[in-house]
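Participant: Provided herewith: query-v5.cif, mmCIF, C-alpha atoms.
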data_input
#
loop_
_atom_site.group_PDB
_atom_site.id
_atom_site.type_symbol
_atom_site.label_atom_id
_atom_site.label_comp_id
_atom_site.auth_asym_id
_atom_site.auth_seq_id
_atom_site.Cartn_x
_atom_site.Cartn_y
_atom_site.Cartn_z
ATOM 1 C CA MET A 1 -24.746 -77.760 26.041
ATOM 2 C CA THR A 2 -22.689 -75.116 24.248
ATOM 3 C CA THR A 3 -24.553 -71.893 23.435
ATOM 4 C CA LEU A 4 -23.770 -70.484 20.015
ATOM 5 C CA PRO A 5 -22.487 -66.889 20.181
ATOM 6 C CA HIS A 6 -25.326 -65.382 18.183
ATOM 7 C CA SER A 7 -28.268 -67.299 19.621
ATOM 8 C CA GLN A 8 -29.709 -64.033 20.991
ATOM 9 C CA THR A 9 -28.731 -61.785 18.076
ATOM 10 C CA ALA A 10 -31.280 -59.899 15.980
ATOM 11 C CA ALA A 11 -29.326 -58.519 13.033
ATOM 12 C CA LEU A 12 -29.970 -55.938 10.343
ATOM 13 C CA ILE A 13 -27.476 -56.058 7.494
ATOM 14 C CA ILE A 14 -27.669 -53.077 5.156
ATOM 15 C CA GLY A 15 -26.086 -54.039 1.845
ATOM 16 C CA GLY A 16 -26.676 -57.668 2.738
ATOM 17 C CA THR A 17 -28.016 -58.995 -0.548
ATOM 18 C CA GLN A 18 -24.691 -60.099 -2.045
ATOM 19 C CA GLY A 19 -20.942 -60.220 -1.481
ATOM 20 C CA LEU A 20 -19.619 -59.435 1.973
ATOM 21 C CA GLY A 21 -22.955 -58.437 3.474
ATOM 22 C CA LEU A 22 -24.504 -61.767 2.513
ATOM 23 C CA ALA A 23 -21.414 -63.650 3.722
ATOM 24 C CA ILE A 24 -21.788 -61.955 7.120
ATOM 25 C CA ALA A 25 -25.441 -62.983 7.260
ATOM 26 C CA GLU A 26 -24.500 -66.570 6.482
ATOM 27 C CA ARG A 27 -21.797 -66.558 9.156
ATOM 28 C CA LEU A 28 -24.169 -65.159 11.768
ATOM 29 C CA MET A 29 -26.682 -67.868 10.979
ATOM 30 C CA MET A 30 -23.994 -70.527 11.218
ATOM 31 C CA GLU A 31 -23.231 -69.194 14.694
ATOM 32 C CA GLY A 32 -26.801 -69.362 15.925
ATOM 33 C CA CYS A 33 -28.504 -66.181 14.709
ATOM 34 C CA GLY A 34 -32.092 -66.991 13.826
ATOM 35 C CA GLN A 35 -33.280 -63.436 13.197
ATOM 36 C CA ILE A 36 -31.791 -61.532 10.260
ATOM 37 C CA VAL A 37 -33.157 -58.798 8.040
ATOM 38 C CA LEU A 38 -31.292 -57.975 4.842
ATOM 39 C CA ALA A 39 -31.635 -54.471 3.395
ATOM 40 C CA GLY A 40 -30.771 -53.254 -0.096
ATOM 41 C CA ARG A 41 -31.998 -51.380 -3.141
ATOM 42 C CA ASP A 42 -32.766 -54.264 -5.507
ATOM 43 C CA ALA A 43 -35.979 -55.967 -4.409
ATOM 44 C CA THR A 44 -35.645 -58.920 -6.773
ATOM 45 C CA LYS A 45 -32.084 -59.681 -5.677
ATOM 46 C CA GLY A 46 -32.902 -58.987 -2.051
ATOM 47 C CA GLU A 47 -35.926 -61.255 -1.852
ATOM 48 C CA ALA A 48 -33.963 -64.063 -3.502
ATOM 49 C CA ALA A 49 -30.988 -63.653 -1.170
ATOM 50 C CA ALA A 50 -33.208 -63.556 1.899
ATOM 51 C CA ALA A 51 -35.154 -66.629 0.828
ATOM 52 C CA GLY A 52 -31.905 -68.472 0.197
ATOM 53 C CA ILE A 53 -30.765 -68.177 3.815
ATOM 54 C CA GLY A 54 -34.098 -68.023 5.627
ATOM 55 C CA ALA A 55 -33.966 -64.295 6.355
ATOM 56 C CA THR A 56 -36.347 -61.484 5.419
ATOM 57 C CA PHE A 57 -35.752 -58.466 3.182
ATOM 58 C CA VAL A 58 -36.583 -54.769 3.342
ATOM 59 C CA GLN A 59 -36.009 -52.487 0.365
ATOM 60 C CA THR A 60 -33.776 -49.581 1.349
ATOM 61 C CA ASP A 61 -32.069 -46.662 -0.352
ATOM 62 C CA LEU A 62 -28.892 -46.024 1.625
ATOM 63 C CA ALA A 63 -28.637 -42.523 0.150
ATOM 64 C CA ASP A 64 -31.996 -41.559 1.678
ATOM 65 C CA PRO A 65 -31.916 -41.066 5.475
ATOM 66 C CA ALA A 66 -35.678 -41.557 5.764
ATOM 67 C CA SER A 67 -35.384 -44.903 3.995
ATOM 68 C CA VAL A 68 -32.521 -45.988 6.242
ATOM 69 C CA ILE A 69 -34.379 -45.012 9.404
ATOM 70 C CA ALA A 70 -37.459 -46.849 8.147
ATOM 71 C CA ALA A 71 -35.356 -49.951 7.526
ATOM 72 C CA VAL A 72 -34.181 -49.984 11.145
ATOM 73 C CA ASP A 73 -37.739 -49.506 12.386
ATOM 74 C CA THR A 74 -39.072 -52.221 10.082
ATOM 75 C CA ALA A 75 -36.353 -54.644 11.155
ATOM 76 C CA ALA A 76 -37.105 -53.928 14.818
ATOM 77 C CA ALA A 77 -40.812 -54.470 14.239
ATOM 78 C CA ARG A 78 -40.171 -57.831 12.577
ATOM 79 C CA MET A 79 -37.617 -59.125 15.075
ATOM 80 C CA GLY A 80 -38.700 -57.354 18.255
ATOM 81 C CA ARG A 81 -35.434 -55.415 18.406
ATOM 82 C CA VAL A 82 -32.168 -54.847 16.543
ATOM 83 C CA THR A 83 -29.104 -55.856 18.556
ATOM 84 C CA ALA A 84 -26.604 -56.030 15.686
ATOM 85 C CA LEU A 85 -26.219 -53.678 12.736
ATOM 86 C CA VAL A 86 -23.899 -54.061 9.754
ATOM 87 C CA ASN A 87 -23.383 -51.209 7.299
ATOM 88 C CA ALA A 88 -22.028 -53.044 4.257
ATOM 89 C CA GLY A 89 -23.620 -51.090 1.419
ATOM 90 C CA ALA A 90 -21.622 -48.565 -0.596
ATOM 91 C CA MET A 91 -21.160 -46.777 -3.909
ATOM 92 C CA THR A 92 -17.831 -47.475 -5.600
ATOM 93 C CA ASP A 93 -18.040 -45.227 -8.664
ATOM 94 C CA ARG A 94 -14.760 -43.836 -9.932
ATOM 95 C CA GLY A 95 -13.604 -40.225 -9.864
ATOM 96 C CA SER A 96 -10.321 -38.380 -9.393
ATOM 97 C CA VAL A 97 -9.655 -35.040 -7.745
ATOM 98 C CA LEU A 98 -9.577 -33.533 -11.251
ATOM 99 C CA GLU A 99 -12.732 -35.174 -12.596
ATOM 100 C CA THR A 100 -15.184 -35.668 -9.720
ATOM 101 C CA THR A 101 -18.379 -33.654 -10.116
ATOM 102 C CA PRO A 102 -20.304 -32.108 -7.220
ATOM 103 C CA ASP A 103 -23.152 -34.513 -7.955
ATOM 104 C CA LEU A 104 -20.900 -37.584 -7.717
ATOM 105 C CA TRP A 105 -19.328 -36.221 -4.518
ATOM 106 C CA ASP A 106 -22.756 -35.742 -2.925
ATOM 107 C CA GLN A 107 -24.006 -39.173 -4.015
ATOM 108 C CA MET A 108 -20.897 -40.844 -2.632
ATOM 109 C CA MET A 109 -20.947 -39.049 0.712
ATOM 110 C CA ASN A 110 -24.701 -39.499 1.131
ATOM 111 C CA THR A 111 -24.565 -43.236 0.430
ATOM 112 C CA ASN A 112 -21.292 -44.212 2.064
ATOM 113 C CA ALA A 113 -21.206 -41.932 5.110
ATOM 114 C CA ARG A 114 -24.544 -40.229 5.764
ATOM 115 C CA GLY A 115 -26.657 -43.365 5.334
ATOM 116 C CA PRO A 116 -24.643 -45.480 7.784
ATOM 117 C CA PHE A 117 -24.579 -42.567 10.252
ATOM 118 C CA PHE A 118 -28.359 -42.453 10.443
ATOM 119 C CA ALA A 119 -28.634 -46.237 10.571
ATOM 120 C CA ILE A 120 -26.403 -46.231 13.661
ATOM 121 C CA GLN A 121 -28.299 -43.293 15.121
ATOM 122 C CA ARG A 122 -31.687 -44.983 14.796
ATOM 123 C CA MET A 123 -30.424 -48.352 16.021
ATOM 124 C CA ALA A 124 -28.890 -46.663 19.058
ATOM 125 C CA GLN A 125 -31.984 -44.609 19.793
ATOM 126 C CA ARG A 126 -34.135 -47.725 19.823
ATOM 127 C CA ALA A 127 -31.641 -49.733 21.893
ATOM 128 C CA ILE A 128 -31.364 -46.982 24.509
ATOM 129 C CA GLU A 129 -35.143 -46.602 24.689
ATOM 130 C CA ALA A 130 -35.602 -50.356 25.099
ATOM 131 C CA GLY A 131 -32.687 -50.667 27.516
ATOM 132 C CA HIS A 132 -30.671 -53.345 25.726
ATOM 133 C CA GLU A 133 -27.082 -53.560 24.524
ATOM 134 C CA ALA A 134 -26.240 -53.449 20.825
ATOM 135 C CA THR A 135 -23.324 -53.581 18.408
ATOM 136 C CA ALA A 136 -22.574 -52.186 14.974
ATOM 137 C CA VAL A 137 -19.917 -52.939 12.396
ATOM 138 C CA ASN A 138 -19.134 -50.561 9.557
ATOM 139 C CA ILE A 139 -17.523 -52.011 6.461
ATOM 140 C CA LEU A 140 -14.769 -49.614 5.488
ATOM 141 C CA SER A 141 -11.827 -49.930 3.124
ATOM 142 C CA MET A 142 -8.057 -49.677 3.106
ATOM 143 C CA VAL A 143 -8.603 -46.489 1.081
ATOM 144 C CA VAL A 144 -9.166 -44.667 4.381
ATOM 145 C CA HIS A 145 -5.349 -44.433 4.457
ATOM 146 C CA CYS A 146 -5.233 -42.762 1.011
ATOM 147 C CA GLY A 147 -6.685 -44.687 -1.945
ATOM 148 C CA GLN A 148 -5.892 -44.687 -5.639
ATOM 149 C CA SER A 149 -6.201 -41.439 -7.574
ATOM 150 C CA PHE A 150 -9.368 -42.670 -9.311
ATOM 151 C CA LEU A 151 -11.047 -43.281 -5.947
ATOM 152 C CA ALA A 152 -10.997 -39.718 -4.607
ATOM 153 C CA PRO A 153 -14.651 -39.352 -3.509
ATOM 154 C CA TYR A 154 -14.897 -42.998 -2.451
ATOM 155 C CA SER A 155 -11.792 -42.645 -0.281
ATOM 156 C CA ALA A 156 -13.138 -39.454 1.266
ATOM 157 C CA SER A 157 -16.485 -41.060 2.044
ATOM 158 C CA LYS A 158 -14.896 -44.073 3.724
ATOM 159 C CA ALA A 159 -12.558 -41.827 5.704
ATOM 160 C CA ALA A 160 -15.629 -39.938 6.904
ATOM 161 C CA LEU A 161 -17.250 -43.211 7.929
ATOM 162 C CA ALA A 162 -14.097 -44.179 9.816
ATOM 163 C CA ASN A 163 -14.497 -41.063 11.945
ATOM 164 C CA VAL A 164 -18.210 -41.751 12.369
ATOM 165 C CA THR A 165 -17.251 -45.197 13.671
ATOM 166 C CA ARG A 166 -14.955 -43.892 16.376
ATOM 167 C CA ASN A 167 -17.095 -40.903 17.263
ATOM 168 C CA ALA A 168 -20.185 -43.065 17.649
ATOM 169 C CA ALA A 169 -18.221 -45.586 19.716
ATOM 170 C CA GLN A 170 -17.181 -42.806 22.083
ATOM 171 C CA ALA A 171 -20.669 -41.330 22.299
ATOM 172 C CA LEU A 172 -22.500 -44.628 22.823
ATOM 173 C CA LYS A 173 -20.182 -46.570 25.115
ATOM 174 C CA THR A 174 -21.973 -45.496 28.294
ATOM 175 C CA HIS A 175 -25.114 -47.083 26.824
ATOM 176 C CA ARG A 176 -23.217 -50.328 26.207
ATOM 177 C CA ILE A 177 -23.486 -49.922 22.473
ATOM 178 C CA ARG A 178 -20.290 -50.858 20.643
ATOM 179 C CA VAL A 179 -19.255 -49.634 17.183
ATOM 180 C CA ASN A 180 -16.304 -51.028 15.225
ATOM 181 C CA GLY A 181 -15.087 -51.022 11.633
ATOM 182 C CA ILE A 182 -13.189 -53.200 9.173
ATOM 183 C CA ASN A 183 -10.887 -51.665 6.546
ATOM 184 C CA CYS A 184 -11.190 -54.241 3.779
ATOM 185 C CA GLY A 185 -8.595 -54.657 1.067
ATOM 186 C CA TRP A 186 -9.230 -55.595 -2.559
ATOM 187 C CA MET A 187 -12.019 -58.173 -2.315
ATOM 188 C CA ASP A 188 -13.398 -60.907 -4.525
ATOM 189 C CA THR A 189 -17.106 -60.052 -4.758
ATOM 190 C CA PRO A 190 -19.784 -59.866 -7.476
ATOM 191 C CA GLY A 191 -19.732 -56.102 -7.066
ATOM 192 C CA GLU A 192 -15.984 -55.940 -7.666
ATOM 193 C CA ASP A 193 -16.350 -58.117 -10.745
ATOM 194 C CA ALA A 194 -18.902 -55.662 -12.144
ATOM 195 C CA VAL A 195 -16.659 -52.680 -11.306
ATOM 196 C CA GLN A 196 -13.619 -54.236 -12.978
ATOM 197 C CA ARG A 197 -15.578 -54.884 -16.154
ATOM 198 C CA LYS A 198 -17.331 -51.498 -16.190
ATOM 199 C CA TYR A 199 -14.444 -49.187 -15.336
ATOM 200 C CA HIS A 200 -11.281 -51.101 -16.159
ATOM 201 C CA GLY A 201 -12.161 -53.148 -19.229
ATOM 202 C CA ALA A 202 -11.447 -56.409 -17.401
ATOM 203 C CA GLY A 203 -11.988 -59.734 -19.097
ATOM 204 C CA ASP A 204 -13.100 -63.061 -17.720
ATOM 205 C CA ASP A 205 -9.605 -63.807 -16.443
ATOM 206 C CA TRP A 206 -9.113 -60.599 -14.456
ATOM 207 C CA LEU A 207 -9.430 -62.340 -11.080
ATOM 208 C CA ALA A 208 -6.855 -65.024 -11.886
ATOM 209 C CA GLN A 209 -4.437 -62.401 -13.172
ATOM 210 C CA ALA A 210 -4.927 -60.176 -10.130
ATOM 211 C CA GLU A 211 -4.512 -62.991 -7.638
ATOM 212 C CA ALA A 212 -1.375 -64.326 -9.325
ATOM 213 C CA GLY A 213 0.507 -61.166 -8.368
ATOM 214 C CA LEU A 214 -0.534 -60.995 -4.708
ATOM 215 C CA PRO A 215 1.499 -62.221 -1.713
ATOM 216 C CA PHE A 216 -1.077 -64.805 -0.598
ATOM 217 C CA GLY A 217 -2.254 -65.664 -4.105
ATOM 218 C CA MET A 218 -5.786 -64.421 -3.514
ATOM 219 C CA LEU A 219 -7.901 -61.341 -3.098
ATOM 220 C CA VAL A 220 -9.568 -60.835 0.260
ATOM 221 C CA LYS A 221 -12.442 -63.326 0.492
ATOM 222 C CA PRO A 222 -15.841 -62.346 1.960
ATOM 223 C CA ALA A 223 -16.032 -65.471 4.118
ATOM 224 C CA HIS A 224 -12.793 -64.501 5.872
ATOM 225 C CA VAL A 225 -13.979 -60.972 6.666
ATOM 226 C CA ALA A 226 -17.349 -62.340 7.757
ATOM 227 C CA GLY A 227 -15.618 -64.216 10.559
ATOM 228 C CA LEU A 228 -14.154 -60.997 11.941
ATOM 229 C CA ALA A 229 -17.451 -59.144 11.574
ATOM 230 C CA SER A 230 -19.266 -61.917 13.441
ATOM 231 C CA TYR A 231 -16.671 -61.758 16.211
ATOM 232 C CA MET A 232 -17.032 -57.985 16.510
ATOM 233 C CA LEU A 233 -20.819 -58.298 16.675
ATOM 234 C CA GLY A 234 -20.783 -61.094 19.228
ATOM 235 C CA PRO A 235 -20.161 -61.389 22.966
ATOM 236 C CA GLY A 236 -16.685 -62.831 22.418
ATOM 237 C CA SER A 237 -15.342 -59.373 21.537
ATOM 238 C CA GLY A 238 -16.250 -58.158 25.003
ATOM 239 C CA VAL A 239 -15.758 -54.413 25.444
ATOM 240 C CA MET A 240 -14.043 -53.882 22.073
ATOM 241 C CA THR A 241 -15.300 -50.624 20.583
ATOM 242 C CA GLY A 242 -13.963 -47.857 18.345
ATOM 243 C CA ALA A 243 -11.581 -50.280 16.619
ATOM 244 C CA LEU A 244 -10.714 -49.986 12.923
ATOM 245 C CA VAL A 245 -9.065 -53.206 11.771
ATOM 246 C CA ASP A 246 -7.074 -53.388 8.526
ATOM 247 C CA PHE A 247 -8.022 -56.616 6.736
ATOM 248 C CA ASP A 248 -5.542 -56.858 3.888
ATOM 249 C CA GLN A 249 -2.237 -58.332 2.796
ATOM 250 C CA ASN A 250 -0.778 -54.925 1.950
ATOM 251 C CA ILE A 251 0.449 -53.033 4.990
ATOM 252 C CA ALA A 252 -0.498 -49.364 5.318
ATOM 253 C CA GLY A 253 2.641 -47.254 5.445
ATOM 254 C CA ALA A 254 4.974 -49.997 4.215
ATOM 255 C CA TYR A 255 7.381 -49.395 1.362
ATOM 256 C CA PRO A 256 9.185 -51.807 -1.010
ATOM 257 C CA GLU A 257 12.118 -53.513 0.664
#
Produce structure tokens that represent the structure in this file.
Facilitator:
Amino acid sequence: MTTLPHSQTAALIIGGTQGLGLAIAERLMMEGCGQIVLAGRDATKGEAAAAGIGATFVQTDLADPASVIAAVDTAAARMGRVTALVNAGAMTDRGSVLETTPDLWDQMMNTNARGPFFAIQRMAQRAIEAGHEATAVNILSMVVHCGQSFLAPYSASKAALANVTRNAAQALKTHRIRVNGINCGWMDTPGEDAVQRKYHGAGDDWLAQAEAGLPFGMLVKPAHVAGLASYMLGPGSGVMTGALVDFDQNIAGAYPE
């Protein structure tokens, strides 16, 4: 009988109540994971998402380290341990180098870099104490290479998380804890839809217009990225750690032909 890759996985997905985080949860379940805790700020949305896939939910403020640490501890208490962690939550508010306020900078760095750092720290501490292997995947963005001018603090926060990913991978490898990251391109998610409408005055046809001008005729889809995340979290990725994979149709460093 074939054993599904995630039959022994106990996963905590922070930012797992919609979009990519939820798609990763669904993929893990499809591949045998029977223990998943979703974490997020919105209790109503989170409870509904968890009920929809047979998971459980813990309310978490990614900007608050104490809340993040508590989420890891709660997930471990419910599942017995946490062997897989996904940091998929993030702020995506706009701000340029000329307009970003200190408050926005702090909020962005605290949510997008500090929160995931302490989630990894607590997961690793518990795994080392219990003597089991573990994996983490950080959801990054192609903006780590630069980013648009209106994404200055967001780009900086994701670049910081990219370094956290590699530094943690180096520090934790002797404990058999792997840490990898995915640099996602422009993605078709409910969160992106809200951002386009809030900041860019987009109408109901914004997605169709955007996709019509792209090489593959589509934005990045959460289900596609979820497959890579599941692979990184599972035994099939072997010793892979410290990797940052670009997941986009635009090539970093390329110029028009």
Participant: Identify, on the basis of all atoms listed in the file, every residue whose closest approach to Pro102 (chain A) does not exceed 10 Å; exclude the query and any residue fewer than 5 positions from it along the same chain; express the result as a list of chain:residue names.
Facilitator: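 The contact residues come out as A:Gln107, A:Met108, A:Pro153.
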Participant: How would the residues just picked look written out with C-alpha atoms as a CSV table (one decimal), keeping the file's coordinate frame?
Facilitator:
chain,number,residue,atom,x,y,z
A,107,GLN,CA,-24.0,-39.2,-4.0
A,108,MET,CA,-20.9,-40.8,-2.6
A,153,PRO,CA,-14.7,-39.4,-3.5
Participant: Against region 166-188 of chain A, which residues of region 77-157 of chain A fall within 8 Å? For each one I want the closest pair of atoms and the distance in Å (one decimal), counting all atoms listed in the file, rows by chain and increasing residue number, as a Markdown table.
Facilitator:
| residue | atom | partner | partner_atom | distance |
| --- | --- | --- | --- | --- |
| A:Ala124 | CA | A:Ile177 | CA | 7.2 |
| A:Ile128 | CA | A:His175 | CA | 6.7 |
| A:Glu133 | CA | A:Arg176 | CA | 5.3 |
| A:Ala134 | CA | A:Ile177 | CA | 4.8 |
| A:Thr135 | CA | A:Arg178 | CA | 4.6 |
| A:Ala136 | CA | A:Val179 | CA | 4.7 |
| A:Val137 | CA | A:Asn180 | CA | 5.0 |
| A:Asn138 | CA | A:Gly181 | CA | 4.6 |
| A:Ile139 | CA | A:Ile182 | CA | 5.2 |
| A:Leu140 | CA | A:Asn183 | CA | 4.5 |
| A:Ser141 | CA | A:Asn183 | CA | 4.0 |
| A:Met142 | CA | A:Asn183 | CA | 4.9 |
| A:Val143 | CA | A:Asn183 | CA | 7.9 |
| A:Val144 | CA | A:Asn183 | CA | 7.5 |
Participant: Name the residues that the PyMOL selection byres ((chain A and resi 113) around 7) picks from the file above, as an mmCIF file with C-alpha atoms, keeping the file's coordinate frame, using the file's chain letters and numbers.
Facilitator:
data_model
loop_
_atom_site.group_PDB
_atom_site.id
_atom_site.type_symbol
_atom_site.label_atom_id
_atom_site.label_comp_id
_atom_site.auth_asym_id
_atom_site.auth_seq_id
_atom_site.Cartn_x
_atom_site.Cartn_y
_atom_site.Cartn_z
ATOM 1 C CA MET A 109 -20.947 -39.049 0.712
ATOM 2 C CA ASN A 110 -24.701 -39.499 1.131
ATOM 3 C CA THR A 111 -24.565 -43.236 0.430
ATOM 4 C CA ASN A 112 -21.292 -44.212 2.064
ATOM 5 C CA ARG A 114 -24.544 -40.229 5.764
ATOM 6 C CA GLY A 115 -26.657 -43.365 5.334
ATOM 7 C CA PRO A 116 -24.643 -45.480 7.784
ATOM 8 C CA PHE A 117 -24.579 -42.567 10.252
ATOM 9 C CA SER A 157 -16.485 -41.060 2.044
ATOM 10 C CA LYS A 158 -14.896 -44.073 3.724
ATOM 11 C CA ALA A 160 -15.629 -39.938 6.904
ATOM 12 C CA LEU A 161 -17.250 -43.211 7.929
#
Participant: Taking only C-alpha atoms into account, name the residue in A:Ala130, A:Val97, A:Gln125, A:Ala88 that is nearest to Ala23 (chain A).
Facilitator: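 For Ala23 (chain A), the nearest of the candidates is A:Ala88.
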Participant: Please compute the CA of Gly46 (chain A)-CA of Asp204 (chain A) distance, one decimal, in Å.
Facilitator: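 Going from CA of Gly46 (chain A) over to CA of Asp204 (chain A), I get 25.6 Å.
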Participant: Go through A:Ala49, A:Val37, A:Val58, A:Ala43 one by one, measure the shortest atom-to-atom distance of each to Thr17 (chain A) using only C-alpha atoms, and give the residue with the smallest value.
Facilitator: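 Closest candidate: A:Ala49.
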Participant: Rank A:Gly191, A:Gly89, A:Gly52, A:Gly217 by their smallest atom-to-atom distance to Ile13 (chain A), using all atoms listed in the file, and report the top residue only.
Facilitator: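 Using all atoms listed in the file, Ile13 (chain A) sits closest to A:Gly89.
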